[in-house]
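Okay, target_0.txt is below, compact mmCIF, C-alpha atoms and all ligand atoms:
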```
# COMPACT_ATOMS: atom_id res chain seq x y z
CA MET A 4 0.00 0.00 0.00
CA ILE A 5 1.17 3.50 -0.87
CA GLN A 6 0.47 6.22 1.65
CA LEU A 7 1.36 9.87 1.59
CA SER A 8 0.11 11.87 4.56
CA ASN A 9 0.16 15.65 4.40
CA VAL A 10 3.41 15.62 2.42
CA THR A 11 5.16 18.85 1.59
CA LYS A 12 8.33 19.00 -0.46
CA GLN A 13 10.20 22.22 -0.57
CA TYR A 14 13.09 22.81 -2.95
CA LYS A 15 15.30 25.91 -2.74
CA SER A 16 13.46 27.12 -5.83
CA GLY A 17 10.01 26.73 -4.27
CA THR A 18 7.37 24.31 -3.03
CA ALA A 19 6.82 21.28 -5.28
CA LEU A 20 4.21 19.53 -3.10
CA LYS A 21 1.86 21.13 -0.62
CA GLY A 22 0.18 18.87 1.94
CA LEU A 23 -0.34 15.94 -0.41
CA THR A 24 -2.44 13.16 1.09
CA LEU A 25 -2.92 10.07 -1.02
CA GLN A 26 -3.61 6.42 -0.37
CA ILE A 27 -3.38 3.66 -2.94
CA ASP A 28 -4.41 0.22 -1.74
CA GLN A 29 -2.97 -3.04 -2.96
CA GLY A 30 -4.38 -4.01 -6.35
CA GLN A 31 -5.30 -0.45 -7.29
CA ILE A 32 -4.11 1.60 -10.23
CA TYR A 33 -3.90 5.32 -9.54
CA ALA A 34 -3.10 7.98 -12.10
CA LEU A 35 -1.63 11.28 -11.08
CA LEU A 36 -2.57 13.79 -13.70
CA GLY A 37 -1.04 17.22 -13.94
CA SER A 38 0.69 19.67 -16.20
CA ASN A 39 4.44 20.32 -16.27
CA GLY A 40 5.77 21.18 -12.84
CA ALA A 41 2.66 19.93 -10.99
CA GLY A 42 4.77 17.66 -8.76
CA LYS A 43 4.30 14.21 -10.31
CA THR A 44 8.00 13.36 -10.58
CA THR A 45 8.64 14.69 -7.09
CA THR A 46 5.94 12.32 -5.80
CA ILE A 47 7.59 9.37 -7.58
CA ASN A 48 11.03 10.36 -6.30
CA LEU A 49 9.67 10.49 -2.74
CA LEU A 50 8.26 6.98 -3.18
CA LEU A 51 11.58 5.74 -4.55
CA GLY A 52 13.36 7.17 -1.52
CA PHE A 53 15.46 9.54 -3.62
CA LEU A 54 13.98 12.47 -1.72
CA ASN A 55 12.96 13.02 1.88
CA PRO A 56 9.74 14.97 2.45
CA THR A 57 10.19 18.38 4.03
CA SER A 58 7.22 17.50 6.23
CA GLY A 59 4.56 14.81 6.35
CA GLU A 60 4.99 11.08 5.94
CA VAL A 61 5.56 8.76 2.99
CA THR A 62 5.19 5.01 3.48
CA LEU A 63 5.16 1.93 1.30
CA ASP A 64 3.75 -1.10 3.08
CA GLY A 65 4.48 0.75 6.29
CA LEU A 66 8.14 1.40 5.43
CA SER A 67 9.70 4.78 4.81
CA PRO A 68 11.28 4.78 1.33
CA PHE A 69 13.92 7.31 2.40
CA LYS A 70 14.90 5.52 5.63
CA ASP A 71 14.46 1.93 4.44
CA ARG A 72 15.81 2.36 0.92
CA LYS A 73 17.28 -1.16 0.73
CA ALA A 74 14.06 -2.91 1.73
CA ILE A 75 12.06 -0.62 -0.52
CA SER A 76 14.24 -1.24 -3.57
CA LYS A 77 13.15 -4.89 -3.53
CA ARG A 78 9.46 -3.99 -3.41
CA VAL A 79 9.34 -1.14 -5.86
CA ALA A 80 9.99 -0.93 -9.57
CA TYR A 81 10.20 2.27 -11.54
CA ILE A 82 9.37 2.18 -15.23
CA PRO A 83 10.35 5.44 -16.93
CA GLU A 84 8.78 6.80 -20.08
CA ASN A 85 11.72 5.50 -22.09
CA VAL A 86 12.98 2.22 -20.68
CA SER A 87 16.79 2.04 -21.00
CA LEU A 88 18.03 -1.35 -22.09
CA TYR A 89 21.25 -2.63 -23.65
CA PRO A 90 20.59 -2.33 -27.39
CA TYR A 91 23.01 -5.06 -28.44
CA LEU A 92 21.58 -7.62 -26.03
CA THR A 93 18.37 -9.47 -26.79
CA GLY A 94 15.19 -9.13 -24.74
CA VAL A 95 15.99 -12.33 -22.83
CA GLU A 96 19.60 -11.25 -22.24
CA ASN A 97 18.49 -7.84 -20.97
CA LEU A 98 15.99 -9.42 -18.59
CA ASP A 99 18.63 -11.91 -17.42
CA TYR A 100 21.13 -9.09 -16.86
CA PHE A 101 18.75 -6.87 -14.88
CA CYS A 102 17.59 -9.88 -12.86
CA SER A 103 21.20 -10.73 -12.00
CA LEU A 104 21.75 -7.14 -10.81
CA ALA A 105 18.82 -7.69 -8.45
CA GLY A 106 20.35 -11.00 -7.29
CA ILE A 107 17.79 -13.11 -9.17
CA LYS A 108 18.79 -16.12 -11.26
CA LYS A 109 16.20 -17.64 -13.58
CA SER A 110 16.42 -20.21 -16.37
CA LYS A 111 16.15 -19.02 -19.96
CA GLN A 112 12.75 -20.73 -20.15
CA ALA A 113 11.52 -18.88 -17.05
CA LEU A 114 12.76 -15.56 -18.47
CA LYS A 115 10.96 -16.22 -21.74
CA GLU A 116 7.76 -17.07 -19.87
CA ILE A 117 7.95 -13.74 -18.03
CA LEU A 118 8.48 -11.85 -21.29
CA THR A 119 5.50 -13.65 -22.81
CA LYS A 120 3.38 -12.84 -19.78
CA CYS A 121 4.34 -9.20 -20.18
CA GLY A 122 3.16 -9.26 -23.77
CA LEU A 123 6.43 -9.58 -25.70
CA GLN A 124 5.92 -11.90 -28.64
CA SER A 125 8.17 -14.96 -28.54
CA GLY A 126 9.73 -14.08 -31.90
CA ALA A 127 11.20 -10.95 -30.31
CA HIS A 128 12.71 -12.63 -27.24
CA THR A 129 15.98 -13.46 -28.97
CA GLN A 130 16.16 -10.35 -31.13
CA LYS A 131 18.45 -7.48 -30.25
CA VAL A 132 16.64 -4.71 -28.37
CA ALA A 133 18.09 -2.13 -30.80
CA GLY A 134 15.25 -3.07 -33.16
CA TYR A 135 12.50 -2.89 -30.52
CA SER A 136 9.70 -0.33 -30.56
CA LYS A 137 9.06 1.87 -27.53
CA GLY A 138 6.17 -0.40 -26.50
CA MET A 139 8.37 -3.50 -26.70
CA ARG A 140 11.06 -1.89 -24.52
CA GLN A 141 8.36 -0.95 -22.06
CA LYS A 142 7.21 -4.58 -21.91
CA VAL A 143 10.77 -5.62 -21.03
CA GLY A 144 10.78 -2.91 -18.32
CA ILE A 145 7.59 -4.32 -16.87
CA ALA A 146 9.00 -7.85 -17.18
CA ILE A 147 12.00 -6.77 -15.09
CA ALA A 148 9.59 -5.46 -12.43
CA TYR A 149 7.59 -8.69 -12.60
CA ALA A 150 10.70 -10.88 -12.30
CA LYS A 151 11.77 -8.86 -9.26
CA GLU A 152 8.30 -9.60 -7.83
CA ALA A 153 7.92 -5.88 -7.20
CA LYS A 154 4.79 -5.17 -5.21
CA VAL A 155 4.64 -1.52 -6.24
CA LEU A 156 5.02 -0.24 -9.79
CA LEU A 157 5.69 3.42 -10.45
CA LEU A 158 5.33 4.47 -14.06
CA ASP A 159 6.08 7.77 -15.72
CA GLU A 160 3.95 8.60 -18.78
CA PRO A 161 3.45 4.91 -19.57
CA ALA A 162 1.21 5.40 -22.59
CA SER A 163 3.10 8.30 -24.14
CA GLY A 164 4.15 7.60 -27.70
CA LEU A 165 2.41 4.22 -27.89
CA ASP A 166 0.07 3.49 -30.77
CA PRO A 167 -3.53 2.58 -29.82
CA ALA A 168 -2.87 -1.18 -30.03
CA ALA A 169 0.25 -0.96 -27.84
CA SER A 170 -1.57 1.31 -25.42
CA ASN A 171 -4.42 -1.16 -25.19
CA GLU A 172 -1.98 -4.00 -24.52
CA LEU A 173 -0.37 -1.91 -21.79
CA THR A 174 -3.76 -1.29 -20.22
CA MET A 175 -4.56 -5.02 -20.15
CA LEU A 176 -1.14 -5.88 -18.75
CA LEU A 177 -1.27 -3.33 -15.93
CA LYS A 178 -4.82 -4.39 -15.04
CA GLN A 179 -3.67 -8.02 -14.91
CA LEU A 180 -0.70 -7.16 -12.67
CA ALA A 181 -3.00 -5.16 -10.38
CA LYS A 182 -5.39 -8.12 -10.26
CA GLU A 183 -2.46 -10.25 -9.13
CA GLY A 184 -1.82 -7.81 -6.28
CA ALA A 185 0.46 -5.07 -7.60
CA THR A 186 -0.12 -1.50 -6.43
CA ILE A 187 0.39 0.87 -9.34
CA LEU A 188 0.95 4.61 -9.51
CA MET A 189 1.42 6.32 -12.81
CA ALA A 190 2.16 9.92 -13.63
CA SER A 191 0.68 11.29 -16.80
CA HIS A 192 -0.48 14.24 -18.85
CA ASP A 193 -2.71 12.04 -20.96
CA LEU A 194 -6.23 12.32 -19.59
CA PHE A 195 -7.76 9.99 -22.14
CA ARG A 196 -5.47 7.03 -21.52
CA VAL A 197 -5.48 7.37 -17.74
CA ARG A 198 -9.23 6.87 -17.73
CA GLU A 199 -8.81 3.53 -19.49
CA ILE A 200 -5.91 2.30 -17.39
CA SER A 201 -6.57 3.46 -13.85
CA ASP A 202 -9.14 2.98 -11.09
CA ARG A 203 -8.72 6.45 -9.64
CA ILE A 204 -7.40 9.68 -11.05
CA GLY A 205 -5.92 12.48 -8.99
CA ILE A 206 -5.47 15.94 -10.44
CA LEU A 207 -2.36 17.63 -9.18
CA LYS A 208 -2.00 21.36 -9.62
CA LYS A 209 1.04 23.30 -8.43
CA GLY A 210 1.75 20.61 -5.85
CA GLU A 211 -1.79 20.30 -4.53
CA LEU A 212 -4.20 17.44 -5.10
CA VAL A 213 -7.19 19.48 -6.23
CA ARG A 214 -9.52 16.63 -7.23
CA GLU A 215 -9.88 12.86 -7.16
CA LEU A 216 -12.16 10.97 -9.54
CA LYS A 217 -13.17 7.37 -10.03
CA ALA A 218 -12.30 6.35 -13.58
CA GLU A 219 -15.39 4.16 -13.98
CA THR A 220 -17.80 6.93 -13.08
CA VAL A 221 -16.35 9.77 -15.14
CA SER A 222 -16.83 10.08 -18.88
CA ALA A 223 -13.99 11.21 -21.13
CA ASN A 224 -15.78 14.52 -21.73
CA GLU A 225 -16.36 15.13 -18.02
CA LEU A 226 -12.75 14.36 -17.20
CA GLU A 227 -11.53 16.72 -19.89
CA LYS A 228 -13.82 19.46 -18.63
CA VAL A 229 -12.82 18.99 -14.98
CA TYR A 230 -9.14 18.91 -15.90
CA LEU A 231 -9.25 21.97 -18.12
CA ASP A 232 -11.33 23.90 -15.55
CA TYR A 233 -8.66 23.26 -12.92
CA MET A 234 -5.81 24.04 -15.25
CA GLN A 235 -7.37 27.35 -16.26
CA ALA A 236 -8.47 28.38 -12.77
N1 LIG B 301 15.64 18.90 -8.05
C1 LIG B 301 14.89 20.00 -8.07
N2 LIG B 301 15.38 21.16 -7.57
C2 LIG B 301 14.62 22.27 -7.58
N3 LIG B 301 13.34 22.35 -8.04
C3 LIG B 301 12.82 21.22 -8.54
C4 LIG B 301 13.55 19.99 -8.59
N4 LIG B 301 12.76 19.04 -9.12
C5 LIG B 301 11.58 19.64 -9.41
N5 LIG B 301 11.63 20.94 -9.06
C6 LIG B 301 10.50 21.90 -9.18
O1 LIG B 301 9.42 21.37 -8.46
C7 LIG B 301 8.19 21.56 -9.18
C8 LIG B 301 7.54 20.21 -9.47
O2 LIG B 301 8.34 19.51 -10.41
P1 LIG B 301 8.08 18.00 -10.86
O3 LIG B 301 9.24 17.60 -11.74
O4 LIG B 301 7.81 17.17 -9.68
O5 LIG B 301 6.75 18.17 -11.74
P2 LIG B 301 6.10 17.18 -12.81
O6 LIG B 301 4.63 17.22 -12.55
O7 LIG B 301 6.75 15.86 -12.78
O8 LIG B 301 6.42 17.90 -14.19
P3 LIG B 301 6.71 17.24 -15.65
O9 LIG B 301 5.40 16.79 -16.18
O10 LIG B 301 7.29 18.38 -16.41
O11 LIG B 301 7.71 16.13 -15.45
C9 LIG B 301 8.57 22.35 -10.42
O12 LIG B 301 8.36 23.71 -10.15
C10 LIG B 301 10.04 22.06 -10.61
O13 LIG B 301 10.69 23.13 -11.25
```
For this file, write the structure as structure tokens.
Ligand SMILES: Nc1ncnc2c1ncn2[C@@H]1O[C@H](COP(=O)(O)OP(=O)(O)OP(=O)(O)O)[C@@H](O)[C@H]1O
Amino acid sequence: MIQLSNVTKQYKSGTALKGLTLQIDQGQIYALLGSNGAGKTTTINLLLGFLNPTSGEVTLDGLSPFKDRKAISKRVAYIPENVSLYPYLTGVENLDYFCSLAGIKKSKQALKEILTKCGLQSGAHTQKVAGYSKGMRQKVGIAIAYAKEAKVLLLDEPASGLDPAASNELTMLLKQLAKEGATILMASHDLFRVREISDRIGILKKGELVRELKAETVSANELEKVYLDYMQA
């Protein structure tokens, strides 16, 4: 479970988060929506333990990411917008390499099964990543998180630059991982995709959570209106 209680993060340049309170239960997908500088990346960096809150409390399964960084690193996986992999290694070799960095040894068959589960077609497993699309690299990124048995997935702009088919596959995959117990937080600007992927949507404006919506009860038009109203206010 992800919990932020009245979290404020102050940089020398100003306040990035102001009293942010947010709870994401196990099995939930939460999208943090906001324009540039709203505080999305700061929130992710607090959850990764890269930053300490100026005030308030951040916990992941009851642990402080900043104080218990080692324990947290085993539970949490971060999947950036552009997943960095070794271009001259294959998908399987990349997964094997990143698993070994995390102290995990799996057979080639097991690695291939994980890649398949994460939506990478078997024909691509033994191809060099240099020829992969953005969506394929993302699948390997999610496979690394899955192999690590990460309980919490933090994604930055996961659907950005994906074509509709790849975006749909991503939606199905994240929903499946959540069903299996993952807690997922994603940061995004893309109000249309977040409605498809997430259970709840939080609108962050200048470091404040100004609105929370349930994805299943808000139409695309309503979400757009609410979002634009807040952005213009
Ligand atoms: N390391 C830092 N030092 C100083 N100020 C920072 C730092 N990181 C972020 N900020 C400031 O904090 C505010 C929130 O930034 P943050 O990167 O969290 O927003 P964001 O919602 O992720 O934006 P984007 O969509 O552009 O990535 C911004 O005003 C930004 O300039």
Item to check | Minimum-distance residue to ligand LIG 301 (chain B), chosen among A:Ser87, A:Thr24, A:Ser16, A:Gln6 (using all atoms listed in the file) | outcome: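 Once distances to ligand LIG 301 (chain B) are computed over all atoms listed in the file, the minimum belongs to A:Ser16.
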Checklist entry - Of the candidates A:Leu212, A:Val132, A:Ile147, A:Leu114, which shows the shortest atom-to-atom distance to ligand LIG 301 (chain B), using all atoms listed in the file? => result A:Leu212
Closest-contact table, chain A side, partner ligand LIG 301 (chain B), 12 Å, counting all atoms listed in the file, as JSON lines:
```
{"residue": "A:Thr11", "atom": "CA", "partner": "B:LIG301", "partner_atom": "O1", "distance": 11.2}
{"residue": "A:Lys12", "atom": "CA", "partner": "B:LIG301", "partner_atom": "O1", "distance": 8.4}
{"residue": "A:Gln13", "atom": "CA", "partner": "B:LIG301", "partner_atom": "O1", "distance": 8.0}
{"residue": "A:Tyr14", "atom": "CA", "partner": "B:LIG301", "partner_atom": "C2", "distance": 4.9}
{"residue": "A:Lys15", "atom": "CA", "partner": "B:LIG301", "partner_atom": "C2", "distance": 6.1}
{"residue": "A:Ser16", "atom": "CA", "partner": "B:LIG301", "partner_atom": "N3", "distance": 5.3}
{"residue": "A:Gly17", "atom": "CA", "partner": "B:LIG301", "partner_atom": "N3", "distance": 6.7}
{"residue": "A:Thr18", "atom": "CA", "partner": "B:LIG301", "partner_atom": "O1", "distance": 6.5}
{"residue": "A:Ala19", "atom": "CA", "partner": "B:LIG301", "partner_atom": "O1", "distance": 4.1}
{"residue": "A:Leu20", "atom": "CA", "partner": "B:LIG301", "partner_atom": "C8", "distance": 7.2}
{"residue": "A:Lys21", "atom": "CA", "partner": "B:LIG301", "partner_atom": "C8", "distance": 10.6}
{"residue": "A:Leu35", "atom": "CA", "partner": "B:LIG301", "partner_atom": "O6", "distance": 8.8}
{"residue": "A:Leu36", "atom": "CA", "partner": "B:LIG301", "partner_atom": "O6", "distance": 8.1}
{"residue": "A:Gly37", "atom": "CA", "partner": "B:LIG301", "partner_atom": "O6", "distance": 5.8}
{"residue": "A:Ser38", "atom": "CA", "partner": "B:LIG301", "partner_atom": "O9", "distance": 5.5}
{"residue": "A:Asn39", "atom": "CA", "partner": "B:LIG301", "partner_atom": "O10", "distance": 3.5}
{"residue": "A:Gly40", "atom": "CA", "partner": "B:LIG301", "partner_atom": "O5", "distance": 3.4}
{"residue": "A:Ala41", "atom": "CA", "partner": "B:LIG301", "partner_atom": "O6", "distance": 3.7}
{"residue": "A:Gly42", "atom": "CA", "partner": "B:LIG301", "partner_atom": "O4", "distance": 3.2}
{"residue": "A:Lys43", "atom": "CA", "partner": "B:LIG301", "partner_atom": "O6", "distance": 3.8}
{"residue": "A:Thr44", "atom": "CA", "partner": "B:LIG301", "partner_atom": "O7", "distance": 3.6}
{"residue": "A:Thr45", "atom": "CA", "partner": "B:LIG301", "partner_atom": "O4", "distance": 3.7}
{"residue": "A:Thr46", "atom": "CA", "partner": "B:LIG301", "partner_atom": "O4", "distance": 6.5}
{"residue": "A:Ile47", "atom": "CA", "partner": "B:LIG301", "partner_atom": "O4", "distance": 8.1}
{"residue": "A:Asn48", "atom": "CA", "partner": "B:LIG301", "partner_atom": "O4", "distance": 8.3}
{"residue": "A:Leu49", "atom": "CA", "partner": "B:LIG301", "partner_atom": "O4", "distance": 9.8}
{"residue": "A:Phe53", "atom": "CA", "partner": "B:LIG301", "partner_atom": "N1", "distance": 10.4}
{"residue": "A:Leu54", "atom": "CA", "partner": "B:LIG301", "partner_atom": "N1", "distance": 9.2}
{"residue": "A:Asn55", "atom": "CA", "partner": "B:LIG301", "partner_atom": "N1", "distance": 11.8}
{"residue": "A:Pro83", "atom": "CA", "partner": "B:LIG301", "partner_atom": "O11", "distance": 11.1}
{"residue": "A:Glu84", "atom": "CA", "partner": "B:LIG301", "partner_atom": "O11", "distance": 10.5}
{"residue": "A:Leu158", "atom": "CA", "partner": "B:LIG301", "partner_atom": "O7", "distance": 11.5}
{"residue": "A:Asp159", "atom": "CA", "partner": "B:LIG301", "partner_atom": "O11", "distance": 8.5}
{"residue": "A:Glu160", "atom": "CA", "partner": "B:LIG301", "partner_atom": "O9", "distance": 8.7}
{"residue": "A:Ser163", "atom": "CA", "partner": "B:LIG301", "partner_atom": "O9", "distance": 11.9}
{"residue": "A:Met189", "atom": "CA", "partner": "B:LIG301", "partner_atom": "O7", "distance": 10.9}
{"residue": "A:Ala190", "atom": "CA", "partner": "B:LIG301", "partner_atom": "O7", "distance": 7.6}
{"residue": "A:Ser191", "atom": "CA", "partner": "B:LIG301", "partner_atom": "O9", "distance": 7.3}
{"residue": "A:His192", "atom": "CA", "partner": "B:LIG301", "partner_atom": "O9", "distance": 6.9}
{"residue": "A:Asp193", "atom": "CA", "partner": "B:LIG301", "partner_atom": "O9", "distance": 10.5}
{"residue": "A:Ile206", "atom": "CA", "partner": "B:LIG301", "partner_atom": "O6", "distance": 10.4}
{"residue": "A:Leu207", "atom": "CA", "partner": "B:LIG301", "partner_atom": "O6", "distance": 7.8}
{"residue": "A:Lys208", "atom": "CA", "partner": "B:LIG301", "partner_atom": "O6", "distance": 8.3}
{"residue": "A:Lys209", "atom": "CA", "partner": "B:LIG301", "partner_atom": "C8", "distance": 7.3}
{"residue": "A:Gly210", "atom": "CA", "partner": "B:LIG301", "partner_atom": "C8", "distance": 6.8}
{"residue": "A:Glu211", "atom": "CA", "partner": "B:LIG301", "partner_atom": "C8", "distance": 10.6}
{"residue": "A:Leu212", "atom": "CA", "partner": "B:LIG301", "partner_atom": "O6", "distance": 11.6}
```
Next on the checklist: One number please: atom CA of Asn171 of chain A to atom CA of Glu199 of chain A, in Å, one decimal.
Outcome noted: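 The value is 8.6 Å.
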Next on the checklist: Could you list, as a ChimeraX atom specification, every residue within 8 Å of segment 58-64 of chain A, counting only C-alpha atoms and ignoring same-chain residues fewer than 3 positions away?
Outcome noted: /A:4-12,22,49-50,67-68,75
Checklist entry - With distances taken over all atoms listed in the file, which of A:Lys182, A:Lys70, A:Lys228, A:Lys151 is nearest to Lys108 of chain A? => result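 Between A:Lys182, A:Lys70, A:Lys228, A:Lys151, the residue approaching Lys108 of chain A most closely is A:Lys151.
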Checklist entry - Separation of atom CA of Glu152 of chain A and atom CA of Ile117 of chain A, in Å? => result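 Straight-line distance from atom CA of Glu152 of chain A to atom CA of Ile117 of chain A works out to 11.0 Å.
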Item to check | Nearest to Pro90 of chain A, chosen from A:Cys121, A:Tyr135, A:Gly52, A:Ala113, with only C-alpha atoms counted in the distances | outcome: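 Smallest separation from Pro90 of chain A among the options: A:Tyr135.
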Checklist outcome for this item: Using all atoms listed in the file, the residue out of A:Lys154, A:Arg78, A:Lys142, A:Arg203 with shortest distance to Ala185 of chain A is A:Lys154
Next on the checklist: Using Å and a single decimal, report how far atom CA of Val143 of chain A sits from atom CA of Leu118 of chain A.
Outcome noted: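 Taking atom CA of Leu118 of chain A as the start and atom CA of Val143 of chain A as the end point, the length is 6.6 Å.
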Checklist entry - Which residue out of A:Gln112, A:Gln235, A:Gln141, A:Gln29 has the minimum interatomic distance to Ser170 of chain A when all atoms listed in the file are used? => result A:Gln141
Checklist entry - Which protein, DNA or RNA residues have an atom at most 12 Å from (16.7, -7.9, -17.3), counting all atoms listed in the file? List them as a VMD selection string. => result chain A and resid 86 to 89 92 to 109 111 114 to 115 117 to 118 128 132 140 to 151
Any chance you can output those residues with C-alpha atoms as a compact mmCIF listing (two decimals), keeping the file's coordinate frame?
```txt
# COMPACT_ATOMS: atom_id res chain seq x y z
CA VAL A 86 12.98 2.22 -20.68
CA SER A 87 16.79 2.04 -21.00
CA LEU A 88 18.03 -1.35 -22.09
CA TYR A 89 21.25 -2.63 -23.65
CA LEU A 92 21.58 -7.62 -26.03
CA THR A 93 18.37 -9.47 -26.79
CA GLY A 94 15.19 -9.13 -24.74
CA VAL A 95 15.99 -12.33 -22.83
CA GLU A 96 19.60 -11.25 -22.24
CA ASN A 97 18.49 -7.84 -20.97
CA LEU A 98 15.99 -9.42 -18.59
CA ASP A 99 18.63 -11.91 -17.42
CA TYR A 100 21.13 -9.09 -16.86
CA PHE A 101 18.75 -6.87 -14.88
CA CYS A 102 17.59 -9.88 -12.86
CA SER A 103 21.20 -10.73 -12.00
CA LEU A 104 21.75 -7.14 -10.81
CA ALA A 105 18.82 -7.69 -8.45
CA GLY A 106 20.35 -11.00 -7.29
CA ILE A 107 17.79 -13.11 -9.17
CA LYS A 108 18.79 -16.12 -11.26
CA LYS A 109 16.20 -17.64 -13.58
CA LYS A 111 16.15 -19.02 -19.96
CA LEU A 114 12.76 -15.56 -18.47
CA LYS A 115 10.96 -16.22 -21.74
CA ILE A 117 7.95 -13.74 -18.03
CA LEU A 118 8.48 -11.85 -21.29
CA HIS A 128 12.71 -12.63 -27.24
CA VAL A 132 16.64 -4.71 -28.37
CA ARG A 140 11.06 -1.89 -24.52
CA GLN A 141 8.36 -0.95 -22.06
CA LYS A 142 7.21 -4.58 -21.91
CA VAL A 143 10.77 -5.62 -21.03
CA GLY A 144 10.78 -2.91 -18.32
CA ILE A 145 7.59 -4.32 -16.87
CA ALA A 146 9.00 -7.85 -17.18
CA ILE A 147 12.00 -6.77 -15.09
CA ALA A 148 9.59 -5.46 -12.43
CA TYR A 149 7.59 -8.69 -12.60
CA ALA A 150 10.70 -10.88 -12.30
CA LYS A 151 11.77 -8.86 -9.26
```
Do a neighbour search on Val221 of chain A at 10 Å with all atoms listed in the file, toss out local chain neighbours closer than 6 positions, and write the hits as a PDB file with C-alpha atoms, in the frame of the given file.
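Saved to selection20.pdb:
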```pdb
ATOM      1  CA  ARG A 198      -9.230   6.870 -17.730  1.00  0.00           C
ATOM      2  CA  ARG A 203      -8.720   6.450  -9.640  1.00  0.00           C
ATOM      3  CA  ILE A 204      -7.400   9.680 -11.050  1.00  0.00           C
ATOM      4  CA  GLU A 227     -11.530  16.720 -19.890  1.00  0.00           C
ATOM      5  CA  VAL A 229     -12.820  18.990 -14.980  1.00  0.00           C
TER       6      VAL A 229
END
```
Item to check | Spatial neighbours of Thr174 of chain A, max dist 10 Å, only C-alpha atoms, sep filter under 5 positions, as an NGL selection string | outcome: :A and (161-162 or 168-169 or 179 or 196-197 or 199-201)
Centre and size of axis-aligned box enclosing segment 73-86 of chain A plus 8 Å each side, as AutoDock Vina command-line options:
```
--center_x 13.0 --center_y 1.0 --center_z -10.2 --size_x 24.5 --size_y 27.7 --size_z 39.8
```
